[in-house]
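Dropping input-v7.tsv in here (TSV, C-alpha atoms and all ligand atoms):
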chain	number	residue	atom	x	y	z
M	203	MET	CA	-11.91	16.92	31.25
M	204	ASP	CA	-14.02	13.79	31.66
M	205	TYR	CA	-17.72	14.20	30.99
M	206	ILE	CA	-20.59	12.00	31.84
M	207	ILE	CA	-23.78	12.36	29.85
M	208	LYS	CA	-26.47	11.12	32.23
M	209	ASN	CA	-29.75	9.40	31.36
M	210	ALA	CA	-29.54	9.96	27.64
M	211	LYS	CA	-31.56	8.32	24.94
M	212	ILE	CA	-28.69	7.12	22.77
M	213	VAL	CA	-29.48	6.82	19.07
M	214	ASP	CA	-27.35	5.90	16.09
M	215	LYS	CA	-28.00	4.08	12.82
M	216	ARG	CA	-28.00	0.69	14.51
M	217	LYS	CA	-29.60	1.17	17.92
M	218	THR	CA	-31.69	3.10	20.41
M	219	LEU	CA	-30.99	2.63	24.11
M	220	MET	CA	-31.11	4.47	27.43
M	221	GLY	CA	-27.97	4.98	29.46
M	222	ASP	CA	-25.00	7.06	30.53
M	223	LEU	CA	-22.02	7.91	28.35
M	224	TRP	CA	-18.57	8.46	29.81
M	225	ILE	CA	-16.29	10.63	27.71
M	226	SER	CA	-12.60	10.59	28.50
M	227	ASP	CA	-9.51	11.60	26.50
M	228	GLY	CA	-11.67	12.50	23.53
M	229	LYS	CA	-13.19	9.03	23.34
M	230	ILE	CA	-16.37	7.28	24.39
M	231	LYS	CA	-14.94	5.33	27.29
M	232	LYS	CA	-18.03	3.54	28.53
M	233	ILE	CA	-21.73	3.19	27.80
M	234	SER	CA	-23.68	1.79	30.72
M	235	ASN	CA	-26.36	2.43	33.30
M	236	ASN	CA	-25.40	4.51	36.30
M	237	ILE	CA	-21.76	5.25	35.65
M	238	ASP	CA	-20.08	6.74	38.72
M	239	SER	CA	-19.86	10.50	38.25
M	240	VAL	CA	-17.09	11.30	40.75
M	241	ASP	CA	-14.45	13.63	39.19
M	242	LYS	CA	-16.49	14.02	36.04
M	243	GLU	CA	-18.50	16.93	34.73
M	244	ILE	CA	-22.13	15.90	34.50
M	245	ILE	CA	-24.22	16.71	31.44
M	246	ASP	CA	-27.82	16.05	32.35
M	247	ALA	CA	-29.49	14.57	29.29
M	248	GLU	CA	-32.79	13.57	30.88
M	249	GLY	CA	-35.40	13.73	28.13
M	250	LYS	CA	-32.78	14.47	25.47
M	251	VAL	CA	-31.26	12.43	22.66
M	252	VAL	CA	-27.56	11.85	22.02
M	253	MET	CA	-26.51	10.97	18.48
M	254	PRO	CA	-23.25	10.85	16.54
M	255	SER	CA	-22.52	14.41	15.39
M	256	PHE	CA	-23.37	15.14	11.77
M	257	ILE	CA	-20.99	15.15	8.80
M	258	ASP	CA	-21.74	17.48	5.90
M	259	MET	CA	-20.42	16.42	2.50
M	260	HIS	CA	-21.41	19.68	0.82
M	261	VAL	CA	-20.93	23.24	2.06
M	262	HIS	CA	-19.70	26.55	0.65
M	263	LEU	CA	-17.47	28.46	3.07
M	264	ARG	CA	-16.47	31.25	0.64
M	265	GLU	CA	-12.90	31.69	1.85
M	266	PRO	CA	-10.80	32.97	0.16
M	267	GLY	CA	-12.38	35.75	-1.79
M	268	GLN	CA	-15.96	36.15	-0.65
M	269	THR	CA	-15.64	36.57	3.08
M	270	GLU	CA	-18.47	39.10	3.08
M	271	LYS	CA	-20.71	36.05	2.49
M	272	GLU	CA	-18.97	33.66	4.92
M	273	ASP	CA	-15.49	32.82	6.15
M	274	LEU	CA	-13.98	29.71	7.65
M	275	VAL	CA	-14.64	30.84	11.23
M	276	SER	CA	-18.25	31.93	10.73
M	277	GLY	CA	-18.97	28.89	8.56
M	278	GLU	CA	-17.45	26.43	11.01
M	279	ASN	CA	-19.24	28.12	13.91
M	280	ALA	CA	-22.50	27.73	12.01
M	281	ALA	CA	-21.63	24.08	11.39
M	282	VAL	CA	-21.11	23.17	15.05
M	283	LYS	CA	-24.24	25.12	15.96
M	284	GLY	CA	-26.04	22.83	13.55
M	285	GLY	CA	-24.52	19.72	15.17
M	286	PHE	CA	-21.87	19.08	12.49
M	287	THR	CA	-18.27	18.30	13.44
M	288	HIS	CA	-16.96	17.72	9.92
M	289	VAL	CA	-17.72	19.65	6.75
M	290	CYS	CA	-16.52	19.26	3.16
M	291	ALA	CA	-16.11	22.65	1.52
M	292	MET	CA	-16.63	23.16	-2.19
M	293	ALA	CA	-13.97	24.65	-4.44
M	294	ASN	CA	-15.93	27.60	-5.90
M	295	THR	CA	-13.93	30.08	-3.84
M	296	LYS	CA	-12.22	33.14	-5.35
M	297	PRO	CA	-9.67	32.26	-6.61
M	298	THR	CA	-10.98	28.77	-7.29
M	299	CYS	CA	-9.44	26.07	-5.15
M	300	ASP	CA	-7.78	24.48	-8.18
M	301	ASN	CA	-4.16	24.92	-7.16
M	302	LYS	CA	-1.79	24.05	-4.33
M	303	GLU	CA	-1.41	27.66	-3.10
M	304	THR	CA	-5.13	28.23	-2.58
M	305	MET	CA	-5.53	24.80	-1.02
M	306	GLU	CA	-2.67	25.50	1.40
M	307	TYR	CA	-4.03	28.96	2.18
M	308	ILE	CA	-7.41	27.47	3.19
M	309	LEU	CA	-5.91	24.60	5.18
M	310	ASP	CA	-3.49	26.91	7.02
M	311	LYS	CA	-6.29	29.32	7.93
M	312	HIS	CA	-8.41	26.42	9.08
M	313	LYS	CA	-5.55	25.09	11.19
M	314	GLU	CA	-5.19	28.46	12.96
M	315	ASN	CA	-8.84	28.82	13.95
M	316	GLY	CA	-10.50	25.50	13.12
M	317	ILE	CA	-13.66	24.79	15.07
M	318	CYS	CA	-14.86	21.65	13.32
M	319	ASP	CA	-12.98	19.31	10.98
M	320	LEU	CA	-12.66	20.30	7.36
M	321	THR	CA	-12.12	18.45	4.12
M	322	GLN	CA	-11.36	21.03	1.47
M	323	ILE	CA	-12.56	19.80	-1.90
M	324	SER	CA	-10.41	20.48	-4.96
M	325	ALA	CA	-11.85	21.71	-8.22
M	326	LEU	CA	-11.85	18.99	-10.85
M	327	THR	CA	-11.04	21.34	-13.72
M	328	LYS	CA	-9.08	24.58	-13.76
M	329	GLY	CA	-11.26	27.57	-12.92
M	330	LEU	CA	-14.31	25.25	-12.96
M	331	GLN	CA	-14.23	25.69	-16.72
M	332	GLY	CA	-14.80	22.02	-17.51
M	333	GLU	CA	-11.89	21.97	-19.95
M	334	GLU	CA	-8.54	21.18	-18.38
M	335	PHE	CA	-7.97	19.05	-15.28
M	336	VAL	CA	-6.32	20.54	-12.23
M	337	ASN	CA	-2.99	18.97	-11.29
M	338	ILE	CA	-4.71	15.92	-9.84
M	339	ASP	CA	-1.59	14.31	-8.36
M	340	GLU	CA	-0.69	17.49	-6.54
M	341	MET	CA	-4.21	18.19	-5.24
M	342	ARG	CA	-4.72	14.53	-4.33
M	343	LYS	CA	-2.05	14.95	-1.63
M	344	PHE	CA	-4.49	17.27	0.19
M	345	THR	CA	-7.87	15.75	-0.52
M	346	ASN	CA	-9.74	12.74	-1.87
M	347	LEU	CA	-12.70	14.83	-3.07
M	348	PHE	CA	-12.87	16.68	-6.41
M	349	SER	CA	-15.79	18.75	-7.64
M	350	ASP	CA	-16.72	21.54	-10.03
M	351	ASP	CA	-19.89	22.11	-7.99
M	352	GLY	CA	-21.72	25.22	-9.08
M	353	VAL	CA	-21.22	24.33	-12.73
M	354	ASN	CA	-21.72	21.25	-14.83
M	355	VAL	CA	-18.90	19.39	-16.58
M	356	ASP	CA	-20.55	19.46	-20.02
M	357	ASP	CA	-17.95	17.63	-22.12
M	358	ASP	CA	-18.67	13.88	-22.15
M	359	GLU	CA	-15.06	12.92	-22.95
M	360	ILE	CA	-13.67	15.02	-20.13
M	361	PHE	CA	-16.13	13.56	-17.66
M	362	LYS	CA	-15.34	10.05	-18.86
M	363	GLU	CA	-11.63	10.72	-18.38
M	364	ALA	CA	-12.35	12.14	-14.90
M	365	LEU	CA	-14.15	8.94	-13.92
M	366	LYS	CA	-11.23	6.83	-15.11
M	367	LEU	CA	-8.82	9.00	-13.15
M	368	SER	CA	-10.98	8.74	-10.02
M	369	LYS	CA	-10.59	4.97	-10.15
M	370	GLU	CA	-6.89	5.06	-10.94
M	371	LYS	CA	-5.97	7.66	-8.32
M	372	ASP	CA	-8.60	6.73	-5.75
M	373	PHE	CA	-10.67	9.88	-5.31
M	374	LYS	CA	-14.35	10.73	-5.38
M	375	ILE	CA	-16.03	13.09	-7.86
M	376	LEU	CA	-18.97	15.09	-6.51
M	377	THR	CA	-21.13	16.24	-9.38
M	378	HIS	CA	-23.34	19.24	-9.81
M	379	CYS	CA	-25.74	17.98	-12.47
M	380	GLU	CA	-27.32	20.71	-14.57
M	381	PRO	CA	-29.55	19.99	-16.41
M	382	GLU	CA	-30.16	17.46	-13.69
M	383	VAL	CA	-31.81	14.48	-15.36
M	384	GLU	CA	-29.82	14.55	-18.60
M	385	THR	CA	-26.52	14.86	-16.77
M	386	ILE	CA	-27.30	12.11	-14.28
M	387	LYS	CA	-28.29	9.89	-17.21
M	388	ARG	CA	-24.99	10.59	-18.96
M	389	ASP	CA	-22.92	10.19	-15.79
M	390	LEU	CA	-24.46	6.86	-14.81
M	391	LYS	CA	-24.06	5.52	-18.34
M	392	LEU	CA	-20.38	6.50	-18.16
M	393	VAL	CA	-19.90	4.88	-14.75
M	394	GLU	CA	-21.45	1.75	-16.23
M	395	ASP	CA	-18.96	1.91	-19.10
M	396	VAL	CA	-15.73	2.88	-17.36
M	397	GLY	CA	-16.35	2.70	-13.59
M	398	GLY	CA	-15.10	5.39	-11.25
M	399	ASN	CA	-16.13	6.92	-7.93
M	400	LEU	CA	-19.19	9.08	-8.39
M	401	HIS	CA	-21.26	10.97	-5.84
M	402	ILE	CA	-24.23	12.89	-7.23
M	403	CYS	CA	-24.92	16.13	-5.38
M	404	HIS	CA	-28.31	17.60	-4.44
M	405	ILE	CA	-30.84	15.58	-6.43
M	406	SER	CA	-34.27	17.19	-6.53
M	407	LEU	CA	-36.46	15.52	-9.16
M	408	LYS	CA	-38.49	12.32	-9.22
M	409	GLU	CA	-37.06	11.49	-12.62
M	410	SER	CA	-33.53	11.64	-11.19
M	411	LEU	CA	-34.53	9.33	-8.37
M	412	ASP	CA	-36.09	6.86	-10.83
M	413	LEU	CA	-32.88	6.80	-12.86
M	414	ILE	CA	-30.73	6.36	-9.77
M	415	LYS	CA	-32.97	3.51	-8.60
M	416	GLU	CA	-32.74	1.84	-11.99
M	417	TYR	CA	-28.93	1.87	-11.95
M	418	LYS	CA	-28.65	0.90	-8.28
M	419	ASP	CA	-30.98	-2.03	-8.96
M	420	LYS	CA	-28.56	-3.10	-11.69
M	421	GLY	CA	-25.81	-3.16	-9.08
M	422	LEU	CA	-23.90	-0.05	-10.15
M	423	LYS	CA	-21.86	1.47	-7.31
M	424	PHE	CA	-22.24	5.23	-6.73
M	425	SER	CA	-23.88	7.50	-4.18
M	426	CYS	CA	-26.18	10.51	-4.07
M	427	GLU	CA	-27.41	13.19	-1.72
M	428	VAL	CA	-30.47	15.33	-1.12
M	429	THR	CA	-30.53	18.61	0.80
M	430	PRO	CA	-32.66	19.31	3.89
M	431	HIS	CA	-34.40	22.12	1.97
M	432	HIS	CA	-35.46	19.84	-0.89
M	433	LEU	CA	-36.99	17.50	1.70
M	434	PHE	CA	-38.67	20.35	3.56
M	435	GLU	CA	-40.10	22.47	0.75
M	436	TRP	CA	-41.58	22.36	-2.77
M	437	ASP	CA	-43.22	24.73	-5.29
M	438	ASN	CA	-41.19	27.69	-4.07
M	439	ASP	CA	-39.43	30.01	-6.51
M	440	TYR	CA	-36.75	31.12	-4.03
M	441	ARG	CA	-33.54	31.04	-6.08
M	442	VAL	CA	-31.45	27.98	-5.34
M	443	ASN	CA	-29.61	25.37	-7.43
M	444	PRO	CA	-31.23	23.02	-8.13
M	445	PRO	CA	-34.59	24.82	-7.89
M	446	PHE	CA	-37.32	23.49	-5.62
M	447	GLY	CA	-39.33	20.75	-7.31
M	448	SER	CA	-43.04	20.01	-7.30
M	449	LYS	CA	-44.84	18.22	-4.48
M	450	THR	CA	-44.41	14.99	-6.49
M	451	ASP	CA	-40.65	15.57	-6.67
M	452	ARG	CA	-40.40	16.33	-2.99
M	453	ASP	CA	-42.46	13.28	-2.03
M	454	ALA	CA	-40.18	11.18	-4.25
M	455	MET	CA	-37.17	12.45	-2.26
M	456	ILE	CA	-38.83	11.21	0.93
M	457	GLU	CA	-39.53	7.84	-0.67
M	458	GLY	CA	-35.89	7.79	-1.81
M	459	ILE	CA	-34.81	8.20	1.80
M	460	LYS	CA	-37.23	5.58	3.08
M	461	GLU	CA	-36.23	3.04	0.44
M	462	GLY	CA	-32.50	3.64	0.89
M	463	ILE	CA	-32.00	4.93	-2.66
M	464	ILE	CA	-30.68	8.26	-1.37
M	465	ASP	CA	-27.50	7.71	0.63
M	466	VAL	CA	-26.84	11.03	2.30
M	467	ILE	CA	-28.43	14.28	3.43
M	468	ALA	CA	-25.99	17.16	2.79
M	469	THR	CA	-26.84	20.81	3.34
M	470	ASP	CA	-25.35	22.61	0.30
M	471	HIS	CA	-25.02	25.50	2.76
M	472	ALA	CA	-24.66	28.42	0.34
M	473	PRO	CA	-24.42	31.74	2.20
M	474	HIS	CA	-24.81	35.01	0.29
M	475	THR	CA	-25.12	38.69	1.18
M	476	GLN	CA	-28.52	40.32	0.87
M	477	GLU	CA	-27.21	42.37	-2.03
M	478	ASP	CA	-25.99	39.28	-3.92
M	479	LYS	CA	-29.35	37.60	-3.36
M	480	GLU	CA	-31.12	40.66	-4.71
M	481	ASN	CA	-28.88	40.34	-7.76
M	482	GLY	CA	-29.98	36.76	-8.27
M	483	ALA	CA	-27.33	34.64	-6.53
M	484	PRO	CA	-28.69	31.10	-6.01
M	485	GLY	CA	-28.41	29.41	-2.64
M	486	ILE	CA	-29.68	28.91	0.90
M	487	SER	CA	-27.86	29.38	4.18
M	488	GLY	CA	-29.03	26.23	5.89
M	489	ILE	CA	-26.49	24.44	8.03
M	490	GLU	CA	-27.68	25.77	11.39
M	491	GLU	CA	-31.27	24.59	10.96
M	492	ALA	CA	-30.52	21.50	8.85
M	493	PHE	CA	-31.30	19.03	11.61
M	494	SER	CA	-34.57	20.77	12.44
M	495	TYR	CA	-35.74	20.79	8.81
M	496	VAL	CA	-34.98	17.11	8.43
M	497	TYR	CA	-36.41	16.12	11.80
M	498	THR	CA	-39.61	18.09	11.17
M	499	VAL	CA	-40.18	16.17	7.94
M	500	PHE	CA	-39.14	12.81	9.40
M	501	LYS	CA	-41.50	13.33	12.36
M	502	GLN	CA	-44.41	14.09	10.02
M	503	LYS	CA	-43.62	11.10	7.81
M	504	GLY	CA	-42.87	8.64	10.61
M	505	ILE	CA	-39.22	8.11	9.63
M	506	SER	CA	-36.96	7.03	12.47
M	507	LEU	CA	-34.11	8.89	14.12
M	508	ASN	CA	-31.96	5.86	13.30
M	509	CYS	CA	-32.55	6.64	9.63
M	510	LEU	CA	-31.73	10.30	10.23
M	511	SER	CA	-28.48	9.25	11.88
M	512	GLU	CA	-27.72	6.98	8.94
M	513	LYS	CA	-28.19	9.77	6.40
M	514	MET	CA	-26.54	12.62	8.32
M	515	SER	CA	-23.70	10.78	10.08
M	516	TYR	CA	-23.17	7.12	9.25
M	517	MET	CA	-23.31	7.16	5.45
M	518	PRO	CA	-21.16	10.29	5.12
M	519	SER	CA	-18.60	8.66	7.42
M	520	LYS	CA	-18.59	5.52	5.25
M	521	LEU	CA	-18.38	7.41	1.96
M	522	LEU	CA	-15.57	9.63	3.22
M	523	GLY	CA	-13.61	6.68	4.58
M	524	PHE	CA	-13.81	7.72	8.26
M	525	SER	CA	-14.40	5.54	11.28
M	526	GLU	CA	-18.13	4.63	11.23
M	527	ALA	CA	-20.21	7.32	12.93
M	528	LEU	CA	-21.77	5.15	15.64
M	529	ILE	CA	-21.96	5.47	19.41
M	530	GLU	CA	-19.67	2.71	20.64
M	531	GLU	CA	-17.04	2.36	23.34
M	532	GLY	CA	-13.61	3.31	22.01
M	533	LYS	CA	-14.91	5.61	19.26
M	534	ASP	CA	-14.01	9.30	19.11
M	535	ALA	CA	-16.53	11.28	21.15
M	536	ASN	CA	-18.14	13.21	18.29
M	537	LEU	CA	-21.65	13.71	19.55
M	538	VAL	CA	-24.67	15.93	19.38
M	539	LEU	CA	-27.23	16.48	22.12
M	540	ILE	CA	-30.73	17.19	20.88
M	541	ASP	CA	-33.97	18.36	22.43
M	542	LEU	CA	-36.70	16.77	20.33
M	543	ASN	CA	-39.48	18.38	22.31
M	544	GLU	CA	-38.36	21.87	21.47
M	545	TYR	CA	-40.00	23.70	18.62
M	546	HIS	CA	-39.07	27.12	17.35
M	547	LYS	CA	-39.45	29.51	14.49
M	548	VAL	CA	-36.51	29.94	12.12
M	549	ASN	CA	-35.01	33.31	12.97
M	550	THR	CA	-32.07	34.52	10.90
M	551	ASN	CA	-31.19	37.07	13.60
M	552	ASN	CA	-29.90	34.06	15.54
M	553	PHE	CA	-27.79	32.73	12.65
M	554	VAL	CA	-24.06	32.81	13.31
M	555	SER	CA	-23.49	32.27	9.59
M	556	LYS	CA	-22.97	35.54	7.75
M	557	GLY	CA	-25.55	34.29	5.26
M	558	LYS	CA	-29.10	35.11	6.33
M	559	ASN	CA	-30.47	33.92	2.98
M	560	THR	CA	-33.30	31.48	3.52
M	561	PRO	CA	-36.90	31.14	2.35
M	562	PHE	CA	-37.79	29.68	5.76
M	563	GLU	CA	-37.70	32.75	8.02
M	564	GLY	CA	-40.50	32.39	10.56
M	565	LYS	CA	-41.26	28.75	9.70
M	566	LYS	CA	-42.03	26.53	12.68
M	567	VAL	CA	-39.66	23.57	13.02
M	568	TYR	CA	-39.24	20.78	15.56
M	569	GLY	CA	-36.16	19.65	17.46
M	570	LYS	CA	-33.07	21.62	18.33
M	571	VAL	CA	-29.38	20.94	18.61
M	572	ILE	CA	-28.40	22.04	22.11
M	573	MET	CA	-24.81	20.84	22.36
M	574	THR	CA	-22.09	19.60	20.02
M	575	ILE	CA	-19.07	17.65	21.25
M	576	LYS	CA	-16.01	17.09	19.06
M	577	ASN	CA	-13.26	14.75	20.18
M	578	GLY	CA	-14.57	14.99	23.72
M	579	GLU	CA	-14.63	18.82	23.82
M	580	LEU	CA	-17.71	21.02	23.92
M	581	VAL	CA	-17.56	23.01	20.70
M	582	TYR	CA	-21.10	24.35	20.88
M	583	LYS	CA	-23.53	24.80	23.74
S	1	LIG	C1	-24.15	27.39	-4.86
S	1	LIG	C2	-23.30	28.51	-4.31
S	1	LIG	O1	-23.86	29.54	-3.94
S	1	LIG	O2	-22.08	28.37	-4.25
S	1	LIG	N1	-25.52	27.75	-4.87
S	1	LIG	C3	-26.61	26.93	-4.83
S	1	LIG	O3	-27.73	27.39	-5.05
S	1	LIG	N2	-26.48	25.65	-4.56
S	1	LIG	C4	-23.61	27.08	-6.21
S	1	LIG	C5	-24.53	26.35	-7.09
S	1	LIG	O4	-24.66	25.12	-6.93
S	1	LIG	O5	-25.13	26.98	-7.95

Would you kindly transcribe this structure into C-alpha cells?
Amino acid sequence: MDYIIKNAKIVDKRKTLMGDLWISDGKIKKISNNIDSVDKEIIDAEGKVVMPSFIDMHVHLREPGQTEKEDLVSGENAAVKGGFTHVCAMANTKPTCDNKETMEYILDKHKENGICDLTQISALTKGLQGEEFVNIDEMRKFTNLFSDDGVNVDDDEIFKEALKLSKEKDFKILTHCEPEVETIKRDLKLVEDVGGNLHICHISLKESLDLIKEYKDKGLKFSCEVTPHHLFEWDNDYRVNPPFGSKTDRDAMIEGIKEGIIDVIATDHAPHTQEDKENGAPGISGIEEAFSYVYTVFKQKGISLNCLSEKMSYMPSKLLGFSEALIEEGKDANLVLIDLNEYHKVNTNNFVSKGKNTPFEGKKVYGKVIMTIKNGELVYK
C-alpha cells in the first residue's frame, strides 16, 4: 500500500519543513509539495508533526520468565504505541539471557509475533554475577550489545577485561553504574587506559554529568543516556534505579541535553506487577508516555524538536550502527505522527504494557503519538 502523508510539518535532527511524504514499498519515495494522491491512501497530517520513529536503547521486556510483568508482545505493542520501532531489550530475564538457548528462544518468539524491531542484549557475565564472562563469541553472533544492567560489575579487573574484549570483538557494553558516580569514575578511567566501547546507562546526578563532561572534553569516546523520567521528575522517592535526584541533578540533566553532553534518551522501561512493586521492585513502566514526558519538559525549557529527534532517534541509530534516523528520500519509512497540541493526563488504564507502575498517574503532559509507521506499514494508530 502506498501512503501519502499530506501537509505535514516534517522534523528530524537536521531540518524542519512543510510538505507531503510519499511512502512506497516500505521507503520514503518522495518529499515534496503537493504530491499527486491518486492510488494512494491519504494520511491527513494538517497541524501534525512527522518525525523519524524513536529507537529505545534500554528496555526490559521480561520474557522469558516474568511474563506476568510483560512479554514480548505486550512490550512491543507498548513500544509502537510510544512511537518506537526498535527496542533493545536487557538481559535480566529469567533465566538470564547469557546463553545461546535463551537468546534463540527470545529471537524465535519475537520472529513469530514481532511488532517492532528488537535487538536482544546479551548478559556480559554469567547470571549477571560479575564474575565469569558469557561465551562472548557465541553471543556476539546474535548481538553487538552486552550488559549486566540491573547490577553493577564491581570487579575492576573484570570490567577492564570486558572493555578490551569490546574493542577486540567489536561490541558495545551498556553499564548500570551503582554506586553511580564512583562507577562512572572507574569506568571512564579504564576507557582512558585501555579503550573499548562504553555506553553509560541512565545517568541521574549532576556529579556524573560533570565527570562525563570532563572526559568528553578530553576527547574520550563513549556515550551516555538519560531516561525521560529523570528529565521529568525530581525529589520523588518512588522506587526506581537510579533513584530520582534533586532539582539540581534534574536541571543538570537538562543542561546535559542542551550542551550535547548526553547523547541519548532511553526509557529504561521496567514493568512490574503491583505485587512486586509493593514488595519493593525498582522500576517505571514508561515507554508509552516517553515522548510526552520529554516533550513536556522540552516545551517548558525551550528545547527544539530537532534536539528531541536527535536524542530519541538519530543518536541511537548512530550508536547502534543503523542507517541514520532522518527523513530523506530513499530511507526506510520508519515514522511517527505526533499531535503537539494535544494534552492529556497519564492514565495507566490506557497502558497496553502489563506494567502499570508509574509515579506519574494523573500528571498532565503535552503532545501525543497518534500513529507509528514501520517499514511503510501502520503498526500503531
Ligand atoms: C530495572 C528492572 O526492573 O529490570 N529496574 C529499574 O529500576 N531500572 C533493573 C534495575 O536497573 O534495577

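For the pair atom CA of Glu394 of chain M and atom CA of Cys426 of chain M, the separation is 15.7 Å.
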
Considering all atoms listed in the file, give me a table of residues in chain M that are at most 6 Å from ligand LIG 1 (chain S), with the closest atom pair and distance in Å for each, as CSV.
residue,atom,partner,partner_atom,distance
M:His262,CA,S:LIG1,O2,5.7
M:Asp351,CA,S:LIG1,O4,5.7
M:Gly352,CA,S:LIG1,C5,3.6
M:Val442,CA,S:LIG1,O3,3.8
M:Asn443,CA,S:LIG1,O3,3.6
M:Asp470,CA,S:LIG1,N2,5.8
M:Ala472,CA,S:LIG1,O1,4.5
M:Pro484,CA,S:LIG1,O3,4.0
M:Gly485,CA,S:LIG1,O3,3.2

Pick from M:Gly221, M:Gly267, M:Pro561, M:Pro518: nearest to Val289 of chain M, with all atoms listed in the file counted?
-> M:Pro518

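Picture a line from atom CA of Tyr205 of chain M to atom CA of Trp224 of chain M; it runs 5.9 Å.
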
Do you know which residues lie at most 10 Å from (-36.0, 32.6, 11.6), with coordinates as in the file and only C-alpha atoms counted, and could you write them as a count of residues only?
-> 18

Near Asn236 of chain M, counting all atoms listed in the file, which residues have an atom at most 7 Å away, once you skip same-chain residues fewer than 2 positions from it, shown as a list of chain:residue names?
-> M:Asp222, M:Ser234, M:Asp238

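With atom CA of Glu457 of chain M on one side and atom CA of Leu537 of chain M on the other, the separation reads 27.6 Å.
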
Kindly complete segment 570-576 of chain M to all heavy atoms; the output should be written as an mmCIF file, in the coordinates of the input.
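Full text of out.cif as output:
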data_model
loop_
_atom_site.group_PDB
_atom_site.id
_atom_site.type_symbol
_atom_site.label_atom_id
_atom_site.label_comp_id
_atom_site.auth_asym_id
_atom_site.auth_seq_id
_atom_site.Cartn_x
_atom_site.Cartn_y
_atom_site.Cartn_z
ATOM 1 N N LYS M 570 -34.150 20.637 18.332
ATOM 2 C CA LYS M 570 -33.070 21.620 18.330
ATOM 3 C C LYS M 570 -31.775 21.006 18.843
ATOM 4 O O LYS M 570 -31.778 20.279 19.837
ATOM 5 C CB LYS M 570 -33.472 22.800 19.224
ATOM 6 C CG LYS M 570 -32.641 24.040 18.975
ATOM 7 C CD LYS M 570 -33.113 25.211 19.829
ATOM 8 C CE LYS M 570 -32.292 26.432 19.564
ATOM 9 N NZ LYS M 570 -32.806 27.309 18.544
ATOM 10 N N VAL M 571 -30.709 21.329 18.155
ATOM 11 C CA VAL M 571 -29.380 20.940 18.610
ATOM 12 C C VAL M 571 -29.031 21.817 19.806
ATOM 13 O O VAL M 571 -29.086 23.046 19.700
ATOM 14 C CB VAL M 571 -28.334 21.162 17.489
ATOM 15 C CG1 VAL M 571 -26.917 21.001 18.015
ATOM 16 C CG2 VAL M 571 -28.604 20.219 16.321
ATOM 17 N N ILE M 572 -28.717 21.197 20.957
ATOM 18 C CA ILE M 572 -28.400 22.040 22.110
ATOM 19 C C ILE M 572 -26.926 21.942 22.518
ATOM 20 O O ILE M 572 -26.444 22.785 23.258
ATOM 21 C CB ILE M 572 -29.329 21.778 23.306
ATOM 22 C CG1 ILE M 572 -29.406 20.297 23.645
ATOM 23 C CG2 ILE M 572 -30.720 22.319 23.029
ATOM 24 C CD1 ILE M 572 -30.266 20.026 24.860
ATOM 25 N N MET M 573 -26.233 20.940 22.020
ATOM 26 C CA MET M 573 -24.810 20.840 22.360
ATOM 27 C C MET M 573 -24.102 19.991 21.301
ATOM 28 O O MET M 573 -24.673 19.017 20.811
ATOM 29 C CB MET M 573 -24.664 20.160 23.728
ATOM 30 C CG MET M 573 -23.273 20.164 24.286
ATOM 31 S SD MET M 573 -23.210 19.234 25.835
ATOM 32 C CE MET M 573 -24.019 20.339 26.961
ATOM 33 N N THR M 574 -22.890 20.395 20.958
ATOM 34 C CA THR M 574 -22.090 19.600 20.020
ATOM 35 C C THR M 574 -20.739 19.331 20.662
ATOM 36 O O THR M 574 -20.095 20.246 21.195
ATOM 37 C CB THR M 574 -21.922 20.354 18.685
ATOM 38 O OG1 THR M 574 -23.208 20.725 18.205
ATOM 39 C CG2 THR M 574 -21.215 19.483 17.646
ATOM 40 N N ILE M 575 -20.333 18.072 20.629
ATOM 41 C CA ILE M 575 -19.070 17.650 21.250
ATOM 42 C C ILE M 575 -18.178 17.077 20.154
ATOM 43 O O ILE M 575 -18.612 16.222 19.381
ATOM 44 C CB ILE M 575 -19.344 16.572 22.329
ATOM 45 C CG1 ILE M 575 -20.195 17.177 23.459
ATOM 46 C CG2 ILE M 575 -18.041 15.981 22.878
ATOM 47 C CD1 ILE M 575 -20.683 16.163 24.492
ATOM 48 N N LYS M 576 -16.953 17.596 20.072
ATOM 49 C CA LYS M 576 -16.010 17.090 19.060
ATOM 50 C C LYS M 576 -14.764 16.598 19.762
ATOM 51 O O LYS M 576 -14.146 17.337 20.529
ATOM 52 C CB LYS M 576 -15.667 18.215 18.073
ATOM 53 C CG LYS M 576 -14.689 17.807 17.025
ATOM 54 C CD LYS M 576 -14.450 18.963 16.072
ATOM 55 C CE LYS M 576 -13.196 18.795 15.282
ATOM 56 N NZ LYS M 576 -11.981 18.554 16.037
#
